[in-house]
Structures are given as structure tokens and as C-alpha cells.
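Novice: First the structure, then my questions, so here it is.
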Amino acid sequence: MSHDDLRILLAALAWWGATMVALMEGAGLVITIVVALGWLLFCTYLLRRHFGKGRLILYWAPTLVVMAISAILASGVTAAHDHLARQGLLTELVRGQAVVTVRGTVQSYPNPAGDRVLLTMAVDEVEGRGQVSDSHSSIMLVGNEHLLDLHLQETIDVLVRLEPADKGSRTIAWATVLRDPIVVQEADPISRWIAARADLLNQHLEGEVPQVRGLVPGLAIGDDSRIPDEHGEALAEVNLTHLTAVSGAHVSMICAIVLTLIGRRNRVLAVAGCAFVLGVLILATGAQPSVMRAGVMGAVVLVGVGLRKPSSALPALGISIVVLLAFEPTLALAFGFILSAVSTGAIILWTHKVTVILAPVLSVPLANLLAVPIVAHLACAPIILLLSDTASLWSAVANALVAPVVPAGTVFALLGLLCAPVPMLGTVLAWSAARCVSWIDIVAGELSTWPGSGLPGELVMAFYGAVLLVAWLISKNRRSVVWIAALGLGVAGTRLIPSSVPHWDIVQCDVGQGAATLFRHEGRTFLVDTGSAGEGLAGCLTEAKAEVDILILTHIHDDHAGELEMVINEGTTEVWVGPGISEKLPPMVGVTVREFKAGDTKDGVEILWPLDEQVCTTSSCENDQSMVIRVDVGRRLVVPGDLESGAQSQLAKRDVSADIVLVPHHGSPNQDPGFAEAVDAELALLSYGENTYGHPAASTIDLYARFGDILRTEDGHIYLAIER
């Protein structure tokens, strides 16, 4: 890498860093830092020159000047974008959390998240509080399954309630949809063309399992909206989600196909053909951060090809970063863009070096296969840790196992999309793509359950670093050190790698003197209560490898709702509570809160209690207002919260029969025998910890033991797998 190449890359990094600071703290801080650092360097140069040691600074001076100019320009561009985005009526309405009508363009594929669907919309016009104004901002629509019917680049009208988004977000507001969107203008011809073929491709895949139907369009155009949640979790567990984000690999393969068809002799036509396909790909993927970066980088390389000048990947990466952030500064904080740019840079710089280190140990072909995923994982791991606390030791192996089928699967998926209307050919191509992605699904599903998945991310980083260290020592023939390092790594592995997570349908978490019950139903994970803050729920969720889709709060005492904020921060977007409870919850942006009472049923979950809202002034009254649920997960489970004997007695007059019951109120002595008899459960769960209340009471244990077995959380988390 030449110094000029490095200068371009450093200037791009300066632009990127300045953009991030300007987004979070304002352009003034960037300029202040640049001026202060410039003055400090100048003074240092004068001092070192006085002592005859100023040549190094003089050598780097042009690069430092370029970086300073880049940072100042980035701060100015970001400030201009921010000023434009905050003009007009929309910003004022967002601050006031108003209900408004917005008109704009669909910018992303729908993203299902539990019961909700998320979709990015570029707002052209907003109407609210008797005023109408143009807008140049984007919002995140939060709605129901009707958003799944929308297509990229369609213009829609929709009534929403606005809430401010986080600072630096690509969207300025969360917009909860209050009325189904109305399409007022069709998408552009290219987007309609892509959407029509995507629908036909989906029809060709109707006979496939749901995860395959979701993965094929993900591999083709980055549309992962149809991938079932549990399979999406498996992909994420072993770091394969990048396969459904169109990026540099897709761009390379598409350009290779175009160049093969056109030939390299007609340079102008070949470059024009590749440029056209890149433009269509960006439109087809909704301008995702990764494909925008890859598309611009590809365009820079194509210009070099057209001008018959040698091109370097690092300068192309640097120029693509500057161009993209100049047009869309908020990309600087978008994880998709960050991961794409960081992994690309790391692969360019270190893949060959890692291959050289691994080759003496693993052989050249295997080293070539593993080097890219190892480098990408190590480079991206610190960023991924911000998104997830866990990772897998098998991520590099998973990427290596799917590497042979990804190019073929991508080509088949793309050709299957393009040729979807062609009789027989479209079906054959779709079937071929499905066979490739079936292998990806098998690898993700299998390796995500192996011991070594779900580990702390820091440990996985350390493991890969240790592997490279051992390989480097072997390449240097330092065998004594190698054996010591390998032995240490093996001992650490046996201590730190947990056993396989058991299959489960129900988990009663050990959260001390509290309650937290997990169950899986109809493809979703439910959590009933959270236990007290810091009492072990996070460890239970990690050990069970559970990502909560819906949180049910029986009531909001601390020992049942103490970890509400943690669960929401982990991505749960829907909370169920009893009547009148929603107004007592803290504000939660982007979270849907639903109230239920006895007689309601939602997603197969029955609400048995309470009958209606009641104003309570005592803790006992609040206990008796606990929401009681029953669900059939192969066996019927009843979770009654902290109901005391009076409410239990009333509820016993209804149908409350079940196979498994969580003993009310942590086994307190205040129990109604009629309720236990009406439930008639063959298995009772007791959730409690050290306490001064005398829980569980001996009389309560004797009562429930009359009907079946009792399991207690004092022995740890309770995993139940239902035989079917």
C-alpha cells in the first residue's frame, strides 16, 4: 500500500469520525478539536525542528493537512444536512408527539418484529395541527401486517402518532400507524419490475419450508422480511446474517456475470453495463447501507477500469466512505454501514497475512477458506458486541461451510428473480437457489445449538486471537511455546464453554425471590414477568438462548417487573398488561403496550383474570389484580402471578384446569384449596429465593403435592420439554 493510498484512507476515516462527532455533539466541537490538534502539532513541529528532529512531522504534514480539511468539510456537510432535516413543520410536530398525516416514499423492505412491522419512509409532506409543510426527513413507521403489502419507492399517505427517535438516528421519529396506509402513487418502473418478479419468485418457492422461502429473496436482493424469527436468530448466532445484506460479494458476482456476457474487449460497453446493473441493484435493495457502500466502491473501481488506470481497493473504499457520508451523514452511525466498511477494510489489509499464518497449520486451501471469516469476525466483533452480548466459536466454521454454496446460491437467486416469468426456467432456478440456501439453513440451525454458541463475545474474540497466536507460533517453529499455549487454550475451553442448551418449551427462571416464566408458542418466545432487577434474568435468557418477542407483566411489583427496562433494551417490542396498568408504565419508545382482561384471547394465550380495572390502594389489592394467563404449549400452563386466596377463590369458579401451574405468590401460606383443586395440575413450579416471608409455606407445599410433583427454582433454572 502506497503512502497516497494511505492518505486517501486516512482522509476518509477523518471524514467519518468528524461526521459521527458532528451528529452527536454538533459541528462546532469538530472544528474546535481540529484547530486544537493542528495548533498542538504545529508547536510540536517547531520544537522538534529546533532540536533537529522535525523531519517525521514534515513528512506527514501533507497527510495531516488533508485529514484536517476532510474533518472540517465533513462537519460542515453534516451541519448542512442537519439544518435541512430540521426545517419545516415536521420537527416541531415530532417534539410535540402529535398525530399527523404524512405523505412520502417507502425506503426499505418491511421488517417484521414480533406483532409489529417496521418500515422506513422518506417524508415529502406533513399535515398536522391545521398546517401543511414540505419535509426532507425520514421516519420509521411502526404498524401491523398491512405494511407487508407495501413496495419500495411507492408513495403513500398514512396517519401516524410521532415520537422522537434517538439522536443520530437515520430517522427523526418513530411513527405509530393509526390507519392503514393508502398508496397514492405507484413505484418507479424499475422498482415495480423488481417487485413483480420477487412476487413470482416467491410463488415458485411455495413448496419450500418457510426459512428457505425467506432466505432466497434475502440472498438475491436483501429482502429478509420473510425469514422466521427463530431461523433469523440461528443465522445471527453463527454470524451468517450478512448473507441477507447485499454487499461487496454480491456486487463482485454481478459485475463478473455482466463482464462475462459483454466481454472485456469493449471496455466502454462493459463499464456501462456494470454501472447500469449496480444502479438497479441499489434500487432493488432499498439503498441498504452495505450495498450503497459496495455500489459506490464498485463505481470507483469501474471508473479506474474505464480510464485504464490501475485501481486499489483501499482508495476505492475510502472514496466510497466519503461520497456516501457526504450524501447521507447518518450512515456514519448505521451498524450495517459500519460493519460493511470495517469488514471490507480488514479483509483487504489482513486476509493474505492471516492466510500465510494459517497455511503451515491447516494447509493452503483450508487457510484460504477460513482466513476471510476469521479476519471479518475479529474486525467486527467489538462492534457486534454493542448489538449482542453473545457470539459463537463456530462462526468462522459456519462461514467456511457455506462459502462454496453462497456464490451459486446468489447467482441462482438473482437469475431466478430476473427469469421468474419464464415458464419452467424460473421454477428450475428458484429450486436450485432453494437447494443452496437449504444448506445454509442446515449449517446455521445445527451449529447454533453446539456447545460454544451463546458465549460472551469477549471470550469468542479471545479464542480467535489465541488461534491466530498458536498458528503464528507454529509458523515460527516455536513448538514449546505452542504446546503451552494450546494446553492453556484447551483448559480454558473446557471451563468456559457451557454444555448444550437443552430443548425446552417452558423455562422457570431462577430469579431469586421473584418470578420469570419463559414459554414458546406458535413460533414466538413469551416471557411472563421479569423478576427483580439484577436477580439473574439476563443469565437465564442467555443460557436458554431466548430472545423475547412478547413480555407479559402479571402486575408491576418490583419482584415481577424489576427488569422491564433490560428486556425492552434487548429488543422486545410488545408488552401485555392488565386493565388500567399501561398508564403506570414508564415511557417506552417503539414499544406496543396492550391491555387485556378476563375472556380475552391473543395469539393462543387465554386471559383468565382480572375481570376489570380496579383502583387499588394496598399491595394485597394489587396482588389480586394480577393478570392470570393460560396457554397450551403441548401441555396447558397457568401462570397466576401473586393472586391471594380471595381472588383465587373467585377464579376457581371458572375453568382454570391445567397440566402445569406456577404456584401463586411464591408459595405464600395465603392459598385457596379450591383453586389448587380446580387447576388440578400434575406439575407445580415454585419460584422463590431467600426471603423473610416464610415462602414457600409448608402448608402450600402439602396442598399442591396432593395433585402432582413440585419443582423448585432453588435448584436453578427449570427446563421443561413437552413430549409430542
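Residues in the C-alpha cells are named by chain (A, B, ... in the order shown) and by number from 1 within that chain; ligands are numbered from 1 in the order shown.
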So which residues touch A:Asp549 within 7 Å, counting only C-alpha atoms, skipping near sequence neighbours fewer than 4 positions away, as a compact mmCIF listing (two decimals) with all heavy atoms, in the first residue's frame?
Specialist:
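Saved the output as part.txt:
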# COMPACT_ATOMS: atom_id res chain seq x y z
N GLY A 114 -41.86 -9.23 15.89
CA GLY A 114 -42.97 -9.66 16.72
C GLY A 114 -44.29 -9.38 16.03
O GLY A 114 -44.49 -9.71 14.86
N ARG A 524 -43.12 -18.01 18.62
CA ARG A 524 -42.68 -16.82 19.36
C ARG A 524 -42.25 -17.20 20.76
O ARG A 524 -42.67 -18.23 21.30
CB ARG A 524 -43.80 -15.78 19.43
CG ARG A 524 -44.18 -15.19 18.08
CD ARG A 524 -45.24 -14.14 18.27
NE ARG A 524 -45.61 -13.53 17.01
CZ ARG A 524 -46.57 -12.62 16.88
NH1 ARG A 524 -47.23 -12.22 17.93
NH2 ARG A 524 -46.84 -12.11 15.70
N THR A 525 -41.43 -16.35 21.34
CA THR A 525 -40.98 -16.55 22.72
C THR A 525 -41.65 -15.52 23.61
O THR A 525 -41.54 -14.32 23.38
CB THR A 525 -39.45 -16.41 22.82
OG1 THR A 525 -38.84 -17.40 21.98
CG2 THR A 525 -38.99 -16.60 24.25
N PHE A 526 -42.36 -16.01 24.64
CA PHE A 526 -43.05 -15.15 25.60
C PHE A 526 -42.30 -15.20 26.93
O PHE A 526 -41.77 -16.25 27.32
CB PHE A 526 -44.48 -15.64 25.84
CG PHE A 526 -45.41 -15.51 24.64
CD1 PHE A 526 -45.30 -16.36 23.56
CD2 PHE A 526 -46.39 -14.53 24.62
CE1 PHE A 526 -46.15 -16.26 22.47
CE2 PHE A 526 -47.25 -14.41 23.54
CZ PHE A 526 -47.13 -15.28 22.46
N THR A 572 -37.29 -6.39 22.88
CA THR A 572 -38.71 -6.73 22.98
C THR A 572 -39.55 -5.50 22.63
O THR A 572 -39.32 -4.41 23.14
CB THR A 572 -39.06 -7.21 24.39
OG1 THR A 572 -38.25 -8.35 24.70
CG2 THR A 572 -40.53 -7.59 24.49
N THR A 573 -40.54 -5.70 21.76
CA THR A 573 -41.29 -4.54 21.26
C THR A 573 -42.77 -4.61 21.59
O THR A 573 -43.54 -3.79 21.12
CB THR A 573 -41.15 -4.45 19.73
OG1 THR A 573 -41.54 -5.70 19.14
CG2 THR A 573 -39.70 -4.16 19.34
N GLU A 574 -43.18 -5.58 22.41
CA GLU A 574 -44.60 -5.68 22.77
C GLU A 574 -44.73 -6.11 24.22
O GLU A 574 -44.07 -7.05 24.67
CB GLU A 574 -45.32 -6.67 21.85
CG GLU A 574 -46.81 -6.70 22.07
CD GLU A 574 -47.55 -7.43 20.96
OE1 GLU A 574 -46.96 -7.60 19.87
OE2 GLU A 574 -48.70 -7.85 21.18
Novice: Quick one: residues within 8 Å of A:Thr700, only C-alpha atoms, excluding same-chain residues fewer than 6 positions away - as a list of chain:residue names?
Specialist: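 Counting only the stated atoms, we get A:Gly667, A:Ser668, A:Pro669, A:Gln671.
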Novice: At a cut-off of 7 Å, using only C-alpha atoms, what residues contact stretch 78-94 of chain A? Leave out same-chain residues fewer than 3 positions from it and give the result as a list in words.
Specialist: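 Once the nearby chain positions are removed, what remains is Thr19, Ala22, Leu23, Ala27, Ala74, Ser75, Gln97, Ala98, Val126, Ser133, Asp134, Ser135, His136, Ser137, Leu162, Glu163, Pro164, Ala173 and Pro329 of chain A.
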Novice: Write to file, as a compact mmCIF listing (two decimals), in the first residue's frame, the residues of the selection just made, with C-alpha atoms.
Specialist:
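What landed in part-v2.txt:
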# COMPACT_ATOMS: atom_id res chain seq x y z
CA THR A 19 -19.34 13.11 10.88
CA ALA A 22 -20.98 16.29 14.45
CA LEU A 23 -24.10 14.11 14.50
CA ALA A 27 -20.09 20.69 14.08
CA ALA A 74 -17.40 16.72 6.95
CA SER A 75 -18.60 18.78 9.90
CA GLN A 97 -45.63 13.92 19.75
CA ALA A 98 -48.51 14.95 17.50
CA VAL A 126 -46.70 16.53 6.55
CA SER A 133 -45.44 21.72 5.17
CA ASP A 134 -42.84 20.10 2.94
CA SER A 135 -40.22 17.88 4.58
CA HIS A 136 -36.79 16.41 3.82
CA SER A 137 -36.60 13.85 6.62
CA LEU A 162 -44.99 10.75 16.22
CA GLU A 163 -42.36 10.14 18.90
CA PRO A 164 -38.75 11.45 18.81
CA ALA A 173 -39.10 9.93 14.58
CA PRO A 329 -24.25 11.63 7.05
Novice: When you draw a straight line from atom CA of A:Phe276 to atom CA of A:Ala196, how long is it in Å?
Specialist: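 A separation of 19.6 Å between them.
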Novice: Give me every alpha helix (DSSP H) residue in stretch 308-359 of chain A, going by DSSP on the backbone, as a count of residues only.
Specialist: 40
Novice: List the neighbours of A:Gly599 out to 8 Å using only C-alpha atoms; skip same-chain residues closer than 5 positions along the sequence, and give me the result as a list in words.
Specialist: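 Close residues of A:Gly599: Glu606, Ile607, Leu608 and Trp609 of chain A.
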Novice: Would you mind listing what lies within 7 Å of A:Gln508 as a VMD selection string, with only C-alpha atoms counted and same-chain residues fewer than 5 positions away left out?
Specialist: chain A and resid 516 to 518 717 to 719
Novice: Please, could you write that set of residues out with N, CA and C atoms as a PDB file, in the first residue's frame?
Specialist:
ATOM      1  N   ALA A 516     -40.202 -15.324  36.874  1.00  0.00           N
ATOM      2  CA  ALA A 516     -39.984 -15.065  35.451  1.00  0.00           C
ATOM      3  C   ALA A 516     -40.154 -16.393  34.724  1.00  0.00           C
ATOM      4  N   THR A 517     -41.151 -16.468  33.858  1.00  0.00           N
ATOM      5  CA  THR A 517     -41.504 -17.707  33.172  1.00  0.00           C
ATOM      6  C   THR A 517     -41.396 -17.519  31.670  1.00  0.00           C
ATOM      7  N   LEU A 518     -40.605 -18.348  31.009  1.00  0.00           N
ATOM      8  CA  LEU A 518     -40.476 -18.337  29.550  1.00  0.00           C
ATOM      9  C   LEU A 518     -41.306 -19.463  28.957  1.00  0.00           C
ATOM     10  N   HIS A 717     -32.449 -22.888  37.201  1.00  0.00           N
ATOM     11  CA  HIS A 717     -33.497 -22.751  36.193  1.00  0.00           C
ATOM     12  C   HIS A 717     -34.142 -24.107  35.916  1.00  0.00           C
ATOM     13  N   ILE A 718     -35.452 -24.112  35.702  1.00  0.00           N
ATOM     14  CA  ILE A 718     -36.200 -25.338  35.432  1.00  0.00           C
ATOM     15  C   ILE A 718     -36.554 -25.373  33.955  1.00  0.00           C
ATOM     16  N   TYR A 719     -36.032 -26.371  33.225  1.00  0.00           N
ATOM     17  CA  TYR A 719     -36.325 -26.533  31.799  1.00  0.00           C
ATOM     18  C   TYR A 719     -37.337 -27.661  31.629  1.00  0.00           C
TER      19      TYR A 719
END
Novice: What does the distance between atom CA of A:Leu73 and atom CA of A:Ala18 come to in Å, to one decimal place?
Specialist: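 About the pair atom CA of A:Leu73 and atom CA of A:Ala18: they are 8.8 Å apart.
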